[in-house]
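First up is the structure itself, then whatever we jot down about it.
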Amino acid sequence: MGAALAALAAPLFKVLLMYCLHHILRALLLLLGMASAALAGPYEEALPKFANDSYADTDAAIGAVASSGNPLAVDVVEALRDGRLLIGSGQVFIRRSSGELINAATGQAWGSPAGELKPVRINNRLRRAIEAALGNLTLLSPDAGRRLEAARAVFRSRDEAVLPTLEKAIAQESQAHVRNALENARAAILLSQLDALPMQRLGAIETLEARGDQDALALLSNLPPDATPEMKAGAGKAVAGIHTRLALWEAVQNVWYGISLGSVLLLAAIGLAITFGTMGVINMAHGEMVMLGAYTTFVVQEIIRAYAPGLFGASLFIALPLAFLVAGAVGVLIERTVIRFLYGRPLETLLATWGISLILQQGVRTIFGPTNREVGTPAWMSGALEVGAMSLTYNRIAIVVFAFSVFAVLLLVLRYTSLGLYVRAVTQNRRMAGSMGIRTNRIDALAFGLGSGVAGIAGVALSQIDNVSPNLGQGYIIDSFMVVVFGGVGNLWGTLVGAMTLGIANKLLEPYAGAVLGKIVLLIAIILFIQRRPRGLFALKGRAVEA
Amino acid sequence: MRTQSFFDRQTTLVLSLLAAVAILVPSMNGLAAPGSALHLSDHLVPLLGKYVCFALLALSVDLIWGFCGILSLGHGAFFALGGYAMGMHLMRQIGPRGVYGDPILPDFMVFLNWKELPWFWHGFDSFPFAVLMVLLVPGALAFVFGWFAFRSRVTGVYLSIITQAMTFALMLAFFRNDMGLGGNNGLTDFKEILGFTVQAGSTRIVLFVLSVLALAGGYLLCRWVVGSTFGKVLVAVRDAESRTRFLGYRVEHYKLVVFTLSAMLAGIAGALYVPQVGIINPSEFAPAGSIEVVIWVAVGGRGTLAGPILGALLVNAGKTWFTAALPEFWLFALGGLFVFVTIFMPRGILGAVGDLWERSSQRFRSGRQPQPVTHAAE
């Protein structure tokens with residue numbers, strides 16, 4: 001018993017001793033500080049506390065500096081937050097982002113510091129204090145951007161002490177969005193403030209409900225323990241409302257992902273639709289044309305990196321025509337050397353083009369190696385656009401825009417050029433077109449080249465979102481077939497509808513079934529769909545179809 | 001069809017060659033002294049057995065493509081399903097000898113923390129049940145798939161594409177762990193089949209001979225189907241589907257029967273394949289594999305029953321040689337083969353040999369120069 005007590009008492013005693021020592025030391029230091037700045041105001045008085053680099057002193061100094069009214073206060077607290085507040089030989093300095101060093105006490109430039117400088121350390125508790133202090137300091141700033149930032153900081157810190165400043169700021173705010181942010185911040189504080197009026201707190205719940213994002217949701221689901229039943233009911237309703245809103249945003253986001261996937265499918269499938277439509281030829285090497293386009297992009301970027309790094313931002317635009325030419329030339333070559341001997345035998349064409357795809361894959365593997373090659377993203381394509389509660393990355397937006405532009409251009413080519421007229425004629429009735437003097441062989445070669453070239457430029461786009469490897473094309477070939485078979489041949493609109501339907505359906509299924517199962521469900525759905533409409537959604541009608 | 005009697009020259013030749021293989025391989029492996037030129041080393045027996053299974057698979061594809069014009073790019077799915085049925089039986093035979101020693105659950109289920117056997121695993125501990133499933137599962141899938149596809153007259157490349165989609169969907173499904181069939185790794189680590197150790201040389205010899213017998217049986221079955229009135233209708237469907245329909249034949253019924261039969265043959269091939277290679281995993285469902293089967297048939301000669309057997313053996317022997325000696329060039333060779341055969345030898349080796357034979361005998365009979373035959377004239 002006695003031994004146990006002693007064992008407990010020993011560490012307790014140690015802690016007590018440490019506590020006393022700490023306080024004595026603190027008192028001594030305070031005395032020292034006061035002595036050195038006997039004639040200065042509260043700002044100068046508080047500043048040396050930073051030099052102690054103890055968390056408790058820094059906390060006290062933040063409060064004192066913030067309430068001092070000194071014009072340098074904002075700079076000091078911001079520097080502290082960013083690790084630019086330096087101490088050395090008992091003095092405090094601010095390093096500006098330009099690298100210039102100034103004395104925090106006087107605001108004058110300080111050329112060469114004596115001795116070594118080290119930043120004042122902060123922890124998470126201090127970070128909150130800094131946020132609150134900054135909020136307080138900048139809420140009344142003449143710059144609207146700073147006020148907005150301060151309001152957001154207060155929303156995060158929820159420091160009750162800021163409330164009076166906040167009220168003042170709300171009263172004199174003229175800009176609606178800043179005012180909105182300030183009111184949000186006030187609501188966040190009021191919600192957790194125990195002595196606020198019940199009416200105020202109910203109002204806060206409404207304000208937060210109107211805000212309606214994840215942060216508001218977190219605040220509303222964790223009400224303080226003293227919440228009245230009225231508040232709880234209000235918050236419950238608000239949470240349900242926000243959930244509905246967020247679910248709606250998520251659905252919109254999923255549709256966007258679906259459109260983005262649909263655009264990728266559209267790019268991959270649209271060339272296939274042309275070759276399949278005109279010649280009834282299933283080109284199994286189509287995926288490899290996409291791959292060739294992607295590798296063209298890689299080569300273009302390598303050359304630019306080596307000889308003209310300044311052009312890197314334009315590398316994709318340089319790669320586009322080249323990829324079209326490379327893939328188109330390979331396509332014409334395949335048509336002239338292999339496919340033209342196999343007309344009227346679609347199943348054999350399928351096998352021969354599969355053989356060509358194997359050769360192209362292995363060829364690329366031999367030349368470029370089996371591993372993924374790095375294709376860079378130009379600076380203008382990185383980043384994201386914030387819309388409501390979702391973010392749209394610029395490279396996805398670029399691909400969607402690009403896919404639709406390619407679609408529009410092809411539509412115009414098929415509609416308004418003589419090549420398009422001939423291609424449509426051959427698609428609808430090959431023998432009749434031949435009888436009318438159209439050189440069907442030549443049209444076949446050109447259409448095949450066009451389809452392959454479009455696959456090539458699809459490769460440029462896909463190099464931005466997929467791994468550039470010899471297997472790139474394989475990943476798209478079955479999906480592209482599904483799009484073409486689903487949409488029907490001989491009509492580009494069918495391809496568009498097919499690609500978008502499959503893309504959006506895929507992404508809407510994903511949250512419920514998972515990525516793999518969603519895809520399986522979709523494949524089965526397409527297999528069943530073909531039973532109902534064996535020629536796809538937009539089938540050609542007439543007697544030519546059965547030929 | 002030129003031939004009238006059931007045992008024509010080709011059938012006799014194929015059967016006697018298969019019989020010779022069934023006798024020679026075991027005796028060269030078991031009787032010839034190791035080191036002598038005649039000896040067949042142990043690792044070659046399952047390799048040859050694998051070829052024989054592939055030949056049976058090729059035969060099943062030829063039955064529908066060569067004689068009925070249905071180009072299935074998903075026959076690997078039926079092969080793999082037969083293989084999985086056999087694999088499930090072999091897994092159940094492991095019993096408590098697995099790594100985790102669970103008497104009921106296979107290792108991968110213990111690893112995934114499953115508590116009991118999924119419902120579809122019940123019954124596979126019985127060999128007869130497993131054999132039944134080897135026939136029924138591929139047969140049922142083919143029946144359902146064919147029922148929908150043929151009834152709505154999905155033909156030509158559309159049919160090929162959706163068979164490919166079918167095997168692709170199955171591959172994705174079997175890759176999932178939730179499927180309860182071993183996910184990525186598939187089924188492996190087999191111990192015994194009917195009480196005999198799977199790895200033992202004698203078991204492998206028996207499995208090899210069984211595979212050859214199955215191939216001979218499959219050949220005879222196809223020969224009988226093709227020679228019957230039913231087979232004549234199949235060829236009519238292949239050559240002029242609409243005309244056959246207008247003559248009053250229910251084309252979709254003929255297609256459905258032959259498609260289901262072919263899937264069952266493929267299932268048997270898969271079931272014999274699995275104990276010989278010792279593993280079955282989802283990559284057997286890969287669409288590329290199914291297309292490769294088609295090229296075996298095309299190389300040997302579609303529309304002849306001996307052709308696919310010859311093609312499967314030749315291409316796979318070539319693959320074994322290439323992947324060992326010149327791995328870089330195998331895909332070039334295979335791709336080139338696809339192009340070469342479709343353009344220059346549309347009827348495959350046996351077709352080309354048959355043409356030569358006919359031409360020379362014609363010259364012998366008439367003494368005139370033969371007419372030049374153009375390749376594209378089909």
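Identifiers for the structure tokens are assigned positionally: chains receive A, B, ... in sequence, residues are indexed from 1 per chain, and ligands are indexed from 1 in the order shown.
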
Could you make a table, as a tab-separated table, of the residues of chain A that have an atom within 10 Å of an atom of chain B, each with its nearest atom pair and distance in Å to one decimal, counting only C-alpha atoms, in chain and number order?
```
residue	atom	partner	partner_atom	distance
A:Gly280	CA	B:Val157	CA	8.6
A:Val281	CA	B:Val157	CA	8.5
A:Ile282	CA	B:Val157	CA	7.2
A:Val338	CA	B:Ile343	CA	7.4
A:Ile339	CA	B:Ile343	CA	8.8
A:Arg340	CA	B:Ile343	CA	9.9
A:Phe341	CA	B:Ala376	CA	6.5
A:Leu342	CA	B:Ile343	CA	7.0
A:Tyr343	CA	B:Ala376	CA	8.7
A:Gly344	CA	B:Glu378	CA	9.0
A:Arg345	CA	B:Glu378	CA	8.7
A:Pro346	CA	B:Val157	CA	6.9
A:Leu347	CA	B:Val157	CA	6.4
A:Glu348	CA	B:Thr342	CA	5.9
A:Thr349	CA	B:Thr342	CA	7.7
A:Leu350	CA	B:Val157	CA	8.1
A:Leu351	CA	B:Phe338	CA	6.2
A:Ala352	CA	B:Val339	CA	4.5
A:Thr353	CA	B:Val339	CA	7.4
A:Trp354	CA	B:Gly335	CA	7.2
A:Gly355	CA	B:Gly335	CA	3.7
A:Ile356	CA	B:Gly335	CA	5.8
A:Ser357	CA	B:Gly335	CA	7.4
A:Leu358	CA	B:Gly335	CA	5.2
A:Ile359	CA	B:Phe332	CA	4.9
A:Leu360	CA	B:Phe332	CA	8.4
A:Gln361	CA	B:Leu331	CA	8.3
A:Gln362	CA	B:Leu331	CA	6.2
A:Gly363	CA	B:Phe332	CA	7.8
A:Arg365	CA	B:Glu328	CA	9.0
A:Thr366	CA	B:Glu328	CA	7.5
A:Gln474	CA	B:Ala288	CA	9.5
A:Ile478	CA	B:Ala165	CA	7.0
A:Asp479	CA	B:Ala165	CA	8.9
A:Phe481	CA	B:Ile161	CA	7.2
A:Met482	CA	B:Ala165	CA	8.0
A:Val485	CA	B:Tyr158	CA	7.2
A:Val516	CA	B:Leu172	CA	6.5
A:Leu517	CA	B:Ala173	CA	7.1
A:Lys519	CA	B:Ala169	CA	7.7
A:Ile520	CA	B:Ala169	CA	5.1
A:Val521	CA	B:Ala169	CA	8.3
A:Leu522	CA	B:Ala169	CA	9.0
A:Leu523	CA	B:Ala169	CA	6.4
A:Ile524	CA	B:Met166	CA	7.5
A:Ile526	CA	B:Ile162	CA	8.4
A:Ile527	CA	B:Ile162	CA	6.1
A:Leu528	CA	B:Phe148	CA	7.7
A:Ile530	CA	B:Val154	CA	7.5
A:Gln531	CA	B:Ser152	CA	5.4
A:Arg532	CA	B:Ser152	CA	6.9
A:Arg533	CA	B:Ser152	CA	8.3
A:Pro534	CA	B:Val154	CA	5.6
A:Arg535	CA	B:Tyr158	CA	8.2
A:Gly536	CA	B:Tyr158	CA	9.8
A:Glu546	CA	B:Ser242	CA	10.0
```

Output of the above residues as an mmCIF file, in the first residue's frame, restricted to C-alpha atoms:
```cif
data_model
loop_
_atom_site.group_PDB
_atom_site.id
_atom_site.type_symbol
_atom_site.label_atom_id
_atom_site.label_comp_id
_atom_site.auth_asym_id
_atom_site.auth_seq_id
_atom_site.Cartn_x
_atom_site.Cartn_y
_atom_site.Cartn_z
ATOM 1 C CA GLY A 280 -18.896 -1.862 -93.215
ATOM 2 C CA VAL A 281 -15.360 -2.614 -92.132
ATOM 3 C CA ILE A 282 -14.607 -3.212 -88.497
ATOM 4 C CA VAL A 338 -4.570 -4.931 -96.930
ATOM 5 C CA ILE A 339 -8.187 -3.937 -96.666
ATOM 6 C CA ARG A 340 -8.888 -3.310 -100.341
ATOM 7 C CA PHE A 341 -8.247 -6.989 -101.034
ATOM 8 C CA LEU A 342 -10.883 -7.974 -98.510
ATOM 9 C CA TYR A 343 -13.977 -6.044 -99.579
ATOM 10 C CA GLY A 344 -17.174 -7.989 -99.175
ATOM 11 C CA ARG A 345 -15.582 -10.133 -96.511
ATOM 12 C CA PRO A 346 -16.095 -8.117 -93.285
ATOM 13 C CA LEU A 347 -15.167 -10.960 -90.959
ATOM 14 C CA GLU A 348 -11.822 -11.458 -92.681
ATOM 15 C CA THR A 349 -11.193 -7.718 -92.573
ATOM 16 C CA LEU A 350 -11.781 -7.841 -88.848
ATOM 17 C CA LEU A 351 -9.104 -10.530 -88.476
ATOM 18 C CA ALA A 352 -6.596 -8.826 -90.764
ATOM 19 C CA THR A 353 -6.934 -5.483 -88.988
ATOM 20 C CA TRP A 354 -6.519 -7.274 -85.663
ATOM 21 C CA GLY A 355 -3.242 -8.638 -87.037
ATOM 22 C CA ILE A 356 -2.219 -5.114 -88.034
ATOM 23 C CA SER A 357 -3.028 -3.862 -84.546
ATOM 24 C CA LEU A 358 -0.719 -6.511 -83.052
ATOM 25 C CA ILE A 359 2.070 -5.472 -85.424
ATOM 26 C CA LEU A 360 1.620 -1.764 -84.627
ATOM 27 C CA GLN A 361 1.584 -2.427 -80.887
ATOM 28 C CA GLN A 362 4.746 -4.476 -81.020
ATOM 29 C CA GLY A 363 6.365 -1.962 -83.365
ATOM 30 C CA ARG A 365 6.896 -1.310 -78.062
ATOM 31 C CA THR A 366 10.134 -2.063 -79.898
ATOM 32 C CA GLN A 474 -6.553 -1.673 -76.495
ATOM 33 C CA ILE A 478 -14.197 -2.374 -77.032
ATOM 34 C CA ASP A 479 -15.753 0.803 -75.668
ATOM 35 C CA PHE A 481 -17.290 -0.580 -80.674
ATOM 36 C CA MET A 482 -20.007 -0.376 -78.076
ATOM 37 C CA VAL A 485 -22.929 -0.441 -82.321
ATOM 38 C CA VAL A 516 -16.250 -2.530 -62.527
ATOM 39 C CA LEU A 517 -19.766 -3.749 -61.839
ATOM 40 C CA LYS A 519 -19.264 -1.336 -66.595
ATOM 41 C CA ILE A 520 -20.446 -4.957 -66.607
ATOM 42 C CA VAL A 521 -24.053 -3.844 -66.172
ATOM 43 C CA LEU A 522 -23.612 -1.451 -69.078
ATOM 44 C CA LEU A 523 -22.096 -4.102 -71.357
ATOM 45 C CA ILE A 524 -24.982 -6.454 -70.597
ATOM 46 C CA ILE A 526 -25.870 -2.989 -74.629
ATOM 47 C CA ILE A 527 -25.932 -6.701 -75.517
ATOM 48 C CA LEU A 528 -29.632 -6.733 -74.638
ATOM 49 C CA ILE A 530 -28.796 -4.880 -79.673
ATOM 50 C CA GLN A 531 -31.414 -7.605 -79.512
ATOM 51 C CA ARG A 532 -34.111 -4.946 -79.722
ATOM 52 C CA ARG A 533 -32.410 -2.709 -82.274
ATOM 53 C CA PRO A 534 -29.887 -4.888 -84.128
ATOM 54 C CA ARG A 535 -28.708 -1.905 -86.184
ATOM 55 C CA GLY A 536 -28.341 0.591 -83.361
ATOM 56 C CA GLU A 546 -29.424 -5.673 -95.976
#
```

Those of stretch 58-185 of chain A in DSSP alpha helix (DSSP H), formatted as a PyMOL selection string: chain A and resi 58-66+73-81+124-138+144-157+163-172+176-185

Strand (DSSP E) positions in stretch 159-308 of chain B, given as an NGL selection string: :B and (187-188 or 192-193 or 196-197 or 279-280)

Between atom CA of A:Leu450 and atom CA of A:Leu265, distance in Å (one decimal):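 Result for atom CA of A:Leu450 versus atom CA of A:Leu265: 17.6 Å, one decimal.
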
Near-B:Ala263 list (7 Å; only C-alpha atoms; drop same-chain fewer than 3 positions) as a ChimeraX atom specification: /B:78,138-139,142,259-260,266-267

Residues from last step as file, C-alpha atoms, as a compact mmCIF listing (two decimals), in the first residue's frame:
```txt
# COMPACT_ATOMS: atom_id res chain seq x y z
CA PHE B 78 -16.96 -20.92 -72.81
CA PRO B 138 -21.11 -22.93 -71.02
CA GLY B 139 -24.09 -24.58 -72.71
CA ALA B 142 -24.51 -20.03 -75.07
CA PHE B 259 -23.84 -22.59 -81.06
CA THR B 260 -24.76 -24.35 -77.81
CA ALA B 266 -15.21 -25.53 -75.73
CA GLY B 267 -16.18 -26.15 -72.10
```

At a cut-off of 9 Å, using only C-alpha atoms, what residues contact A:Asn103? Leave out same-chain residues fewer than 3 positions from it and give the result as a PDB file with N, CA and C atoms, in the first residue's frame.
```
ATOM      1  N   GLN A  91      15.867  40.498 -30.444  1.00  0.00           N
ATOM      2  CA  GLN A  91      15.053  41.407 -31.239  1.00  0.00           C
ATOM      3  C   GLN A  91      14.200  40.628 -32.246  1.00  0.00           C
ATOM      4  N   VAL A  92      13.135  41.297 -32.749  1.00  0.00           N
ATOM      5  CA  VAL A  92      12.191  40.629 -33.633  1.00  0.00           C
ATOM      6  C   VAL A  92      12.233  41.296 -35.000  1.00  0.00           C
ATOM      7  N   PHE A  93      12.287  40.480 -36.057  1.00  0.00           N
ATOM      8  CA  PHE A  93      12.350  41.010 -37.422  1.00  0.00           C
ATOM      9  C   PHE A  93      11.258  40.378 -38.278  1.00  0.00           C
ATOM     10  N   ILE A  94      10.885  41.122 -39.323  1.00  0.00           N
ATOM     11  CA  ILE A  94       9.956  40.564 -40.307  1.00  0.00           C
ATOM     12  C   ILE A  94      10.716  40.422 -41.607  1.00  0.00           C
ATOM     13  N   ARG A  95      10.640  39.227 -42.173  1.00  0.00           N
ATOM     14  CA  ARG A  95      11.212  39.103 -43.521  1.00  0.00           C
ATOM     15  C   ARG A  95      10.066  39.271 -44.513  1.00  0.00           C
ATOM     16  N   THR A 106      10.416  49.010 -35.169  1.00  0.00           N
ATOM     17  CA  THR A 106      10.459  50.345 -35.756  1.00  0.00           C
ATOM     18  C   THR A 106       9.909  50.389 -37.168  1.00  0.00           C
ATOM     19  N   GLY A 107       9.882  49.267 -37.840  1.00  0.00           N
ATOM     20  CA  GLY A 107       9.437  49.234 -39.218  1.00  0.00           C
ATOM     21  C   GLY A 107      10.512  49.673 -40.185  1.00  0.00           C
ATOM     22  N   GLN A 108      11.757  49.839 -39.696  1.00  0.00           N
ATOM     23  CA  GLN A 108      12.832  50.257 -40.600  1.00  0.00           C
ATOM     24  C   GLN A 108      13.607  49.049 -41.127  1.00  0.00           C
ATOM     25  N   ALA A 109      14.159  49.292 -42.334  1.00  0.00           N
ATOM     26  CA  ALA A 109      14.913  48.196 -42.941  1.00  0.00           C
ATOM     27  C   ALA A 109      16.139  47.881 -42.098  1.00  0.00           C
ATOM     28  N   TRP A 110      16.506  46.622 -42.110  1.00  0.00           N
ATOM     29  CA  TRP A 110      17.602  46.150 -41.292  1.00  0.00           C
ATOM     30  C   TRP A 110      18.541  45.412 -42.228  1.00  0.00           C
TER      31      TRP A 110
END
```

Non-local contacts of A:Val332 (9 Å; only C-alpha atoms; under 2 positions in same chain excluded) as a PyMOL selection string: chain A and resi 327-330+334-337+445-450+452

Store the residues picked out above in a file with N, CA and C atoms, as a short mmCIF file (atom, residue, chain, number, x, y, z; two decimals), in the first residue's frame.
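For reference, out.cif as written:
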```cif
data_model
loop_
_atom_site.label_atom_id
_atom_site.label_comp_id
_atom_site.auth_asym_id
_atom_site.auth_seq_id
_atom_site.Cartn_x
_atom_site.Cartn_y
_atom_site.Cartn_z
N ALA A 327 -1.35 9.36 -88.35
CA ALA A 327 -2.34 8.30 -88.26
C ALA A 327 -3.10 8.14 -89.58
N GLY A 328 -3.41 9.28 -90.23
CA GLY A 328 -4.11 9.21 -91.50
C GLY A 328 -3.28 8.49 -92.56
N ALA A 329 -1.98 8.79 -92.60
CA ALA A 329 -1.11 8.14 -93.58
C ALA A 329 -1.05 6.64 -93.33
N VAL A 330 -0.90 6.27 -92.05
CA VAL A 330 -0.88 4.84 -91.74
C VAL A 330 -2.20 4.19 -92.14
N ILE A 334 -2.73 1.16 -94.74
CA ILE A 334 -3.39 -0.11 -94.39
C ILE A 334 -4.50 -0.40 -95.41
N GLU A 335 -5.24 0.64 -95.76
CA GLU A 335 -6.36 0.43 -96.69
C GLU A 335 -5.83 -0.05 -98.04
N ARG A 336 -4.76 0.61 -98.52
CA ARG A 336 -4.26 0.27 -99.85
C ARG A 336 -3.57 -1.09 -99.88
N THR A 337 -2.93 -1.49 -98.78
CA THR A 337 -2.14 -2.73 -98.83
C THR A 337 -2.92 -3.94 -98.35
N ALA A 445 -10.40 4.73 -99.57
CA ALA A 445 -9.07 5.05 -99.04
C ALA A 445 -9.10 6.36 -98.27
N LEU A 446 -9.79 7.38 -98.87
CA LEU A 446 -9.83 8.69 -98.21
C LEU A 446 -10.63 8.62 -96.91
N ALA A 447 -11.76 7.90 -96.94
CA ALA A 447 -12.57 7.80 -95.73
C ALA A 447 -11.79 7.07 -94.64
N PHE A 448 -11.07 6.04 -95.05
CA PHE A 448 -10.28 5.31 -94.07
C PHE A 448 -9.18 6.20 -93.49
N GLY A 449 -8.56 6.99 -94.38
CA GLY A 449 -7.55 7.93 -93.90
C GLY A 449 -8.15 8.96 -92.97
N LEU A 450 -9.33 9.48 -93.32
CA LEU A 450 -10.00 10.48 -92.49
C LEU A 450 -10.33 9.90 -91.11
N SER A 452 -8.95 7.37 -89.61
CA SER A 452 -7.72 7.11 -88.86
C SER A 452 -7.11 8.40 -88.35
#
```

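For B:Asp178, the list of residues within 12 Å, based on only C-alpha atoms and with local chain neighbours fewer than 3 positions off taken out, reads Gly514, Val516 and Leu517 of chain A; Phe108, Met109, Leu112, Asn113, Trp114, Pro118, Leu172, Ala173, Phe174, Phe175, Leu181, Gly182, Gly183 and Asn184 of chain B.
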
Keeping only C-alpha atoms, write the selected residues as a compact mmCIF listing (two decimals), in the first residue's frame.
```txt
# COMPACT_ATOMS: atom_id res chain seq x y z
CA GLY A 514 -18.77 0.44 -58.28
CA VAL A 516 -16.25 -2.53 -62.53
CA LEU A 517 -19.77 -3.75 -61.84
CA PHE B 108 -8.57 -17.34 -50.95
CA MET B 109 -11.91 -17.33 -49.08
CA LEU B 112 -10.83 -12.69 -47.62
CA ASN B 113 -12.36 -13.57 -44.25
CA TRP B 114 -15.37 -15.36 -45.67
CA PRO B 118 -21.09 -19.33 -51.41
CA LEU B 172 -14.24 -7.92 -65.66
CA ALA B 173 -16.67 -9.88 -63.50
CA PHE B 174 -14.24 -12.70 -62.76
CA PHE B 175 -11.53 -10.21 -61.84
CA LEU B 181 -13.95 -17.34 -57.69
CA GLY B 182 -10.50 -16.24 -56.62
CA GLY B 183 -10.50 -12.81 -58.30
CA ASN B 184 -7.27 -11.84 -59.94
```

Residue contacts of B:Cys68 (10 Å, only C-alpha atoms) excluding same-chain residues fewer than 4 positions away, as a list in words: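 Result of the neighbour search: Asp62, Leu63, Ile64, Val226, Gly231, Lys232, Val233, Leu234, Val235, Ala236, Val237, Arg238, Asp239, Glu241, Tyr254, Lys255, Val258, Phe259 and Gly303 of chain B.
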
Separation of atom CA of B:Asp42 from atom CA of B:Leu210, in Å and rounded to one decimal: 17.0 Å

Distance in Å - atom CA of B:Arg250 versus atom CA of B:Gly66: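 Here the two named atoms are 19.6 Å from each other.
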
Pick from B:Arg97, B:Gly180, B:Ala58, B:Ala130, whichever lies nearest to B:Gly301 using only C-alpha atoms: B:Ala58
